[in-house]
Each structure stands twice: as C-alpha cells, then as structure tokens.
There are 2 protein chains.
Amino acid sequence: MTALHPRGVFSAALTPVTEAFAPDHALFVAHCRRLLAEGCDGIAMLGTTGEANSFGSDERRALLEAVVAAGIAPDRLLPGTGVAAVSETVALTRHALSLGVTTVVMLPPFYYKGVTDEGLFAAYAEVAERVADPRLRVVLYHIPQMSAVPIPFPVVARLRAAYPGTFTGIKDSAGDLAHMKALVAAFPGLAVLAGADPLMLPLLRKGGAGCITATSNLVAAELAFVFRHFADADRTVEVEAAQARIVAARNRAGRFAQIASLKLLLAERAGQPGWHRLRPPLLPLTQAEADALRAA
Amino acid sequence: MTALHPRGVFSAALTPVTEAFAPDHALFVAHCRRLLAEGCDGIAMLGTTGEANSFGSDERRALLEAVVAAGIAPDRLLPGTGVAAVSETVALTRHALSLGVTTVVMLPPFYYKGVTDEGLFAAYAEVAERVADPRLRVVLYHIPQMSAVPIPFPVVARLRAAYPGTFTGIKDSAGDLAHMKALVAAFPGLAVLAGADPLMLPLLRKGGAGCITATSNLVAAELAFVFRHFADADRTVEVEAAQARIVAARNRAGRFAQIASLKLLLAERAGQPGWHRLRPPLLPLTQAEADALRAA
C-alpha cells in the first residue's frame, strides 16, 4: 500500500487583511512560520478559514507567491484552488504547480446546487484533464454546510479510478466522525483528513491521515503532539491532556462566529491588532462578543 | 415618485459555449439580437441561467465587451457582476461601467452561509463605496435556492437608505409571489422583477416592474406582449393566451434540468447544435431526457 498523502497536521491558516481588506503578506508569512515552528506539517492556506473565496484570483496568486518567495518550502503548502468556475480552478491550480506547489485542496464548483454526481465528476475531471500535470495531488474538500455541494462517495470512487494517483485525499469538514470513518473504510489508500480539530484523534485511531483545521491557528503544538504520539502506549495521559486543550480551544472559538473569534484570539496572543479585520461579508466580533470571549 | 428602474422584460440569456467550454461570442450576440427583436427590453446576461459563475472574470469581461462591440446598446444590458469575492464584484462592476453599462444584477457574496444582515450590508456597501460611480444602478439578486444567501428586507432597507438612487431594483427568483408582492409593498420606488416567467403577470398587477427570467429565451415575444398589454381591458383574452403559452413553455423546460432543457429547445429551434453544450458541473440532458422533452 502506498503511503497516505497528505498526512499530518495542516493548519487552515487565517488570512490577516490590511485596512483596505487586502491580504497582509508579511503578517501572513510570519504566521505560517510560527505554525510550522509549532509543529504543523504544512499550511492549508486559502481555505474557508482563510477567507479564500472572499479574495479574487489575483489576490490569491499574489499571496501564494509571497509565501513561496519568503522561503517556505512549496511541499509544505496546500493552497485551496477550487472556485465556482472550473476554468479559474484550472488557472489557480496551474499557478500553484508553476511555483512547485503540487498538492492542492479543491472545493467543488459551489454556485449551482443539486448538481448530479455525473456533473460533479465532469467538473473535477475537467480540471484534471486541463491541468494535465502528473505532479498534481488533489485533496477533495467536502464541506456541505458551506459549499452546499457535498462530494458523494460514488464521485470519489470514479475520480480515483479515472485518475489514479491524482485524487489522493479528502478533507472532511462536515463534522461527522462516522462519515470520516466510512471514507477510510471505503477507500483504502485515500488520505482522510478531519476538518474539525477534536475529531483528528479518533479519526487517526481508525486509519485517518491527520487534519486540516481552523483551531490549529491557536493549538498547533497540541495537534502536532497528538498526531505524533496518539499510538504511543506510554504517552496516553499527555495525549489526552493535549486533546483536552484542543477541545477547549475549539469550544471557546465556536461560541461566536468562528473565523472572527480565531482572529481575535490570535490578535491578542500575537499582540498584532491587524489580525482583527475580516473581509465582508464576514465581520469582526461585536464589542460585547469580544468582551465575552476574552472573559471566557 | 421616480419611475421604476429597470422596468420591462429582461431575458436571463443563455450562454452558448464552444467545444472547449468557452463562451461563444458570435452565437451569443446573435441570440441577444433575436431576443431584442422579439421584444425584450434588455438582456440580463451572465446570470444564473447564463452560467455566469461557471466562467472566470476574464471570460465574463470578454463576453460583455463582445456584445457592446457588436453594437448592442449598453443601456439594454444588465450583466451579472456579483461573485463570491467583493473585490471581484467591484472589478466586474467597474468594468461594466467602463463600457457604458450602468445597471448590473448583483448576487450577494455566496460562499459563506449564515452571514449576518450586518455582514451582507457591509459587503454591498463596500461595493458601492469602492465603485463610487454615481451612474451605478444595482439590481439585488435574491435567489436563495441557488446562492443559499437570501437578501432580507432589513438589508434592502439599509442599502436604499445609505445609497439612495443606487440600489434601485431587486430580482426575486425565490419563486414565491407573496414575497415579491411584499417587496413591492415594503419598498415604494423599488423595481421588483419576477425571476419566474409565469409570475410576471400577477406581479405586474400588484405594481411590479417586470421580469428577469429564463424561459424568456424561448418566449420573449409572449412576455413582451403581456408586459405591454396586461392593463389593457380590451386585450384580456390575448394576454391570457400569451400567459398560457408562457406557463406551458416554463412547465416543459422545468421537467428536467432547466438550463439544459432551455439550451436543447433553443438548439432545435435555432438549428444550431452549438447550443447543446453546458460547462460542468452542469451537463446537457441525457439522450432519454432529450427524447422525452422533444416528444412533449
């Protein structure tokens, strides 16, 4: 059996924005460095948590270029490249490959709802065909509560059969451990990554590949510890303690709007108020929410 | 009271695509000309029916430029410019204005779900502020079954108060006549346009401004007739007959996937097989569906 790819703890990195709501490259690069230093295996930048779909393709390309130019190894980066238009998904994916970034996280085209399995397969197949680069590794991105376009098992099966070695992983952000375990059972060799921090540990115990998660912006070290030691019989107590801190952080950030909460907590910890801003339609927490979160 | 703007029958024009799934400019221009010749007041191009969100910004710009270059008057065009990223919505809207196209149909940013009224207002306000062109007229686009981001009444009210003269209309594609009538009642001076062909007539009788609809690709003449004569006491029979043809066409196209069905019917009528193609994730009808539709 080939090794799962990708495998490890990947942070769905938050994207700091300037007063003009543009991605703040310098602050983002510093954040990526900190996440890697804390033990993340890589950065799943430009995902839902990173507000990727609030940025245009030019802004997305520029941010990825800035990170690579700053010296962060391309094989540590898993940018999101799936957008509503297949042609743009192709362009963003090719751009990543042009920088040596070969693994991407790909949302389904998310404007039309109720698309058929056949149509969803055709969209992903179109991307694979047009990109036509044997280096490409795609992590499918299942997040139906946000995309409103689930990725059904038969579509995963067809893509893996039609493009062996390309669709190597799936990020399951639906929040249902049973669904993640069913993916592991149904698709040997598929890297199933938990999209919710507290579910990485139980998923690892069932053969999962790791996580791509939001709370990792705050608890990367704990996640890295759990990932490395979950199977060590003599580390059970420490693993459970780290897991408890992960759960607590997640619960705290989940009390109000998650991305805004994570940005607030990160701003406080990093002492960088620039982290407070979000691009509309997302907004920072209200003063009352922020006070309540700080008090918690 | 100022006149409603926009007012009339606007076709949510289908977009023909080439074998490479690129918009077919020449075929599209010919289609726009036919729709105007049949009596449409304008072309609401690059909407849901036009598969706009399956095309990248460059493709959208190029198609609009081709239509204007072909000599179709810019004041007859209502392109869709609302995408997931506010920065791209700004860019597309500015581009339309640069061509003399001043009225646009604007989806809310549609990736994040469950956004607050405050966040939705902030997103539209950001567009108005950044575009900063007094010529701009925005038709809000309420289509919750597709965007999964409804536009609540308080957001409409705030936008109209904050930017008088800018947010002049709303396309209501939710398919609920009661909701359309409530909009008319709540917002005097707001142009409420039906997003479903059969609902234009009852909406006009309650003070609506017309329609932006899909079946108009096939029954533009009937819609134009209903729009011009719905209030003429001596034309009641003809108006009802036209309305019956509209309802029949809509029912026929609604039996299978609507955009694919409309493309098939248009291909047959125009004798141009190029109309058959759709860009993934949408697909043409299956052979069995196509046969059943032809037989109907």
# chains A, B, ... in the order shown; residues from 1 in each chain; ligands from 1
>>> residues_around(residues="Ala260 (chain A)", least_positions_apart="5", cutoff="10 Å", atoms="only C-alpha atoms", output="PyMOL selection string")
chain A and resi 14+49+253-254+265-266+275-278+282-286+290
>>> interface_residues(of="chain B", to="chain A", cutoff="8 Å", atoms="only C-alpha atoms", output="PyMOL selection string")
chain B and resi 53-56+84-88+109-113+115-116+119-123+126+145-148+280-283
>>> write_last_selection(atoms="C-alpha atoms", output="compact mmCIF listing (two decimals), in the first residue's frame")
# COMPACT_ATOMS: atom_id res chain seq x y z
CA ASN B 53 -20.44 31.68 -12.18
CA SER B 54 -19.05 28.86 -14.26
CA PHE B 55 -16.93 31.42 -16.11
CA GLY B 56 -13.93 33.30 -14.80
CA ALA B 84 -18.12 35.40 -4.06
CA ALA B 85 -15.30 37.92 -3.61
CA VAL B 86 -16.31 41.53 -3.07
CA SER B 87 -13.07 42.71 -4.73
CA GLU B 88 -14.01 40.85 -7.93
CA PRO B 109 -21.20 37.08 -1.89
CA PHE B 110 -22.30 33.47 -1.93
CA TYR B 111 -19.62 31.30 -0.39
CA TYR B 112 -20.16 31.91 3.31
CA LYS B 113 -23.54 30.81 4.59
CA VAL B 115 -23.90 35.59 7.22
CA THR B 116 -25.46 38.31 9.34
CA GLY B 119 -22.21 41.44 7.10
CA LEU B 120 -24.37 41.34 4.00
CA PHE B 121 -24.97 45.07 4.20
CA ALA B 122 -21.24 45.63 4.67
CA ALA B 123 -20.46 43.61 1.55
CA GLU B 126 -18.20 48.01 0.23
CA GLN B 145 -32.25 28.23 -3.51
CA MET B 146 -29.05 28.72 -5.53
CA SER B 147 -26.93 31.29 -3.70
CA ALA B 148 -28.02 29.96 -0.29
CA PRO B 280 -19.50 21.43 -15.92
CA PRO B 281 -20.83 20.96 -13.29
CA LEU B 282 -23.92 21.44 -15.46
CA LEU B 283 -24.43 18.87 -18.19
>>> atom_distance(atom1="CA of Ile246 (chain B)", atom2="CA of Val226 (chain B)")
9.7 Å
>>> select_by_dssp(residues="region 88-265 of chain B", states="alpha helix (DSSP H)", output="number ranges by chain")
B: 88-98, 117-131, 144-147, 153-162, 177-186, 200-204, 216-229, 236-253, 258-265
>>> write_last_selection(atoms="C-alpha atoms", output="compact mmCIF listing (two decimals), in the first residue's frame")
# COMPACT_ATOMS: atom_id res chain seq x y z
CA GLU B 88 -14.01 40.85 -7.93
CA THR B 89 -17.56 42.18 -7.78
CA VAL B 90 -16.06 45.66 -7.65
CA ALA B 91 -13.79 44.92 -10.59
CA LEU B 92 -16.57 43.45 -12.73
CA THR B 93 -18.91 46.31 -11.91
CA ARG B 94 -16.28 48.92 -12.75
CA HIS B 95 -15.60 47.11 -15.99
CA ALA B 96 -19.28 47.23 -16.95
CA LEU B 97 -19.39 50.96 -16.18
CA SER B 98 -16.28 51.49 -18.28
CA ASP B 117 -27.55 41.16 7.95
CA GLU B 118 -24.76 43.44 9.11
CA GLY B 119 -22.21 41.44 7.10
CA LEU B 120 -24.37 41.34 4.00
CA PHE B 121 -24.97 45.07 4.20
CA ALA B 122 -21.24 45.63 4.67
CA ALA B 123 -20.46 43.61 1.55
CA TYR B 124 -22.86 45.53 -0.70
CA ALA B 125 -21.84 48.82 0.90
CA GLU B 126 -18.20 48.01 0.23
CA VAL B 127 -19.03 47.55 -3.46
CA ALA B 128 -20.96 50.82 -3.66
CA GLU B 129 -18.18 52.70 -1.87
CA ARG B 130 -15.38 51.26 -3.95
CA VAL B 131 -17.09 51.58 -7.29
CA PRO B 144 -31.71 31.68 -2.03
CA GLN B 145 -32.25 28.23 -3.51
CA MET B 146 -29.05 28.72 -5.53
CA SER B 147 -26.93 31.29 -3.70
CA PHE B 153 -35.78 43.05 3.89
CA PRO B 154 -33.76 44.94 6.54
CA VAL B 155 -30.69 44.73 4.29
CA VAL B 156 -32.66 46.12 1.34
CA ALA B 157 -33.93 48.93 3.54
CA ARG B 158 -30.48 49.84 4.84
CA LEU B 159 -28.91 49.82 1.39
CA ARG B 160 -31.63 52.03 -0.06
CA ALA B 161 -31.28 54.46 2.83
CA ALA B 162 -27.49 54.55 2.74
CA LEU B 177 -45.26 35.56 -5.45
CA ALA B 178 -46.17 36.56 -1.89
CA HIS B 179 -42.55 37.50 -1.24
CA MET B 180 -42.43 39.62 -4.42
CA LYS B 181 -45.65 41.40 -3.50
CA ALA B 182 -44.34 42.04 -0.01
CA LEU B 183 -41.25 43.67 -1.53
CA VAL B 184 -43.44 45.93 -3.69
CA ALA B 185 -45.48 46.89 -0.65
CA ALA B 186 -42.48 47.45 1.62
CA MET B 200 -44.55 38.39 -14.09
CA LEU B 201 -48.21 38.94 -14.92
CA PRO B 202 -49.59 38.68 -11.38
CA LEU B 203 -46.66 40.76 -10.11
CA LEU B 204 -47.27 43.50 -12.69
CA SER B 216 -37.77 34.26 -21.98
CA ASN B 217 -35.03 32.65 -24.06
CA LEU B 218 -37.93 30.84 -25.76
CA VAL B 219 -40.99 33.03 -25.19
CA ALA B 220 -39.68 36.59 -25.27
CA ALA B 221 -42.41 37.75 -27.63
CA GLU B 222 -45.15 36.43 -25.35
CA LEU B 223 -43.62 38.06 -22.29
CA ALA B 224 -43.21 41.36 -24.13
CA PHE B 225 -46.86 41.20 -25.20
CA VAL B 226 -48.04 40.53 -21.65
CA PHE B 227 -45.86 43.32 -20.30
CA ARG B 228 -47.19 45.89 -22.79
CA HIS B 229 -50.86 44.93 -22.58
CA THR B 236 -57.51 40.41 -21.80
CA VAL B 237 -58.08 37.36 -23.97
CA GLU B 238 -54.83 37.80 -25.88
CA VAL B 239 -52.90 38.49 -22.68
CA GLU B 240 -54.27 35.33 -21.08
CA ALA B 241 -53.44 33.34 -24.21
CA ALA B 242 -49.85 34.62 -24.18
CA GLN B 243 -49.63 33.88 -20.47
CA ALA B 244 -50.81 30.32 -21.12
CA ARG B 245 -48.03 29.84 -23.68
CA ILE B 246 -45.51 31.18 -21.16
CA VAL B 247 -46.73 28.77 -18.49
CA ALA B 248 -46.63 25.84 -20.91
CA ALA B 249 -43.09 26.67 -22.01
CA ARG B 250 -41.97 27.02 -18.45
CA ASN B 251 -43.52 23.71 -17.46
CA ARG B 252 -41.91 22.00 -20.40
CA ALA B 253 -38.46 23.39 -19.57
CA GLN B 258 -33.90 23.79 -16.63
CA ILE B 259 -30.80 25.32 -18.22
CA ALA B 260 -30.02 22.15 -20.16
CA SER B 261 -33.65 21.90 -21.30
CA LEU B 262 -33.72 25.51 -22.47
CA LYS B 263 -30.48 25.00 -24.38
CA LEU B 264 -31.86 21.91 -26.06
CA LEU B 265 -35.09 23.60 -27.07
>>> select_by_dssp(residues="region 84-292 of chain B", states="strand (DSSP E or B)", output="VMD selection string")
chain B and resid 103 to 106 137 to 142 167 to 172 191 to 194 210 to 213
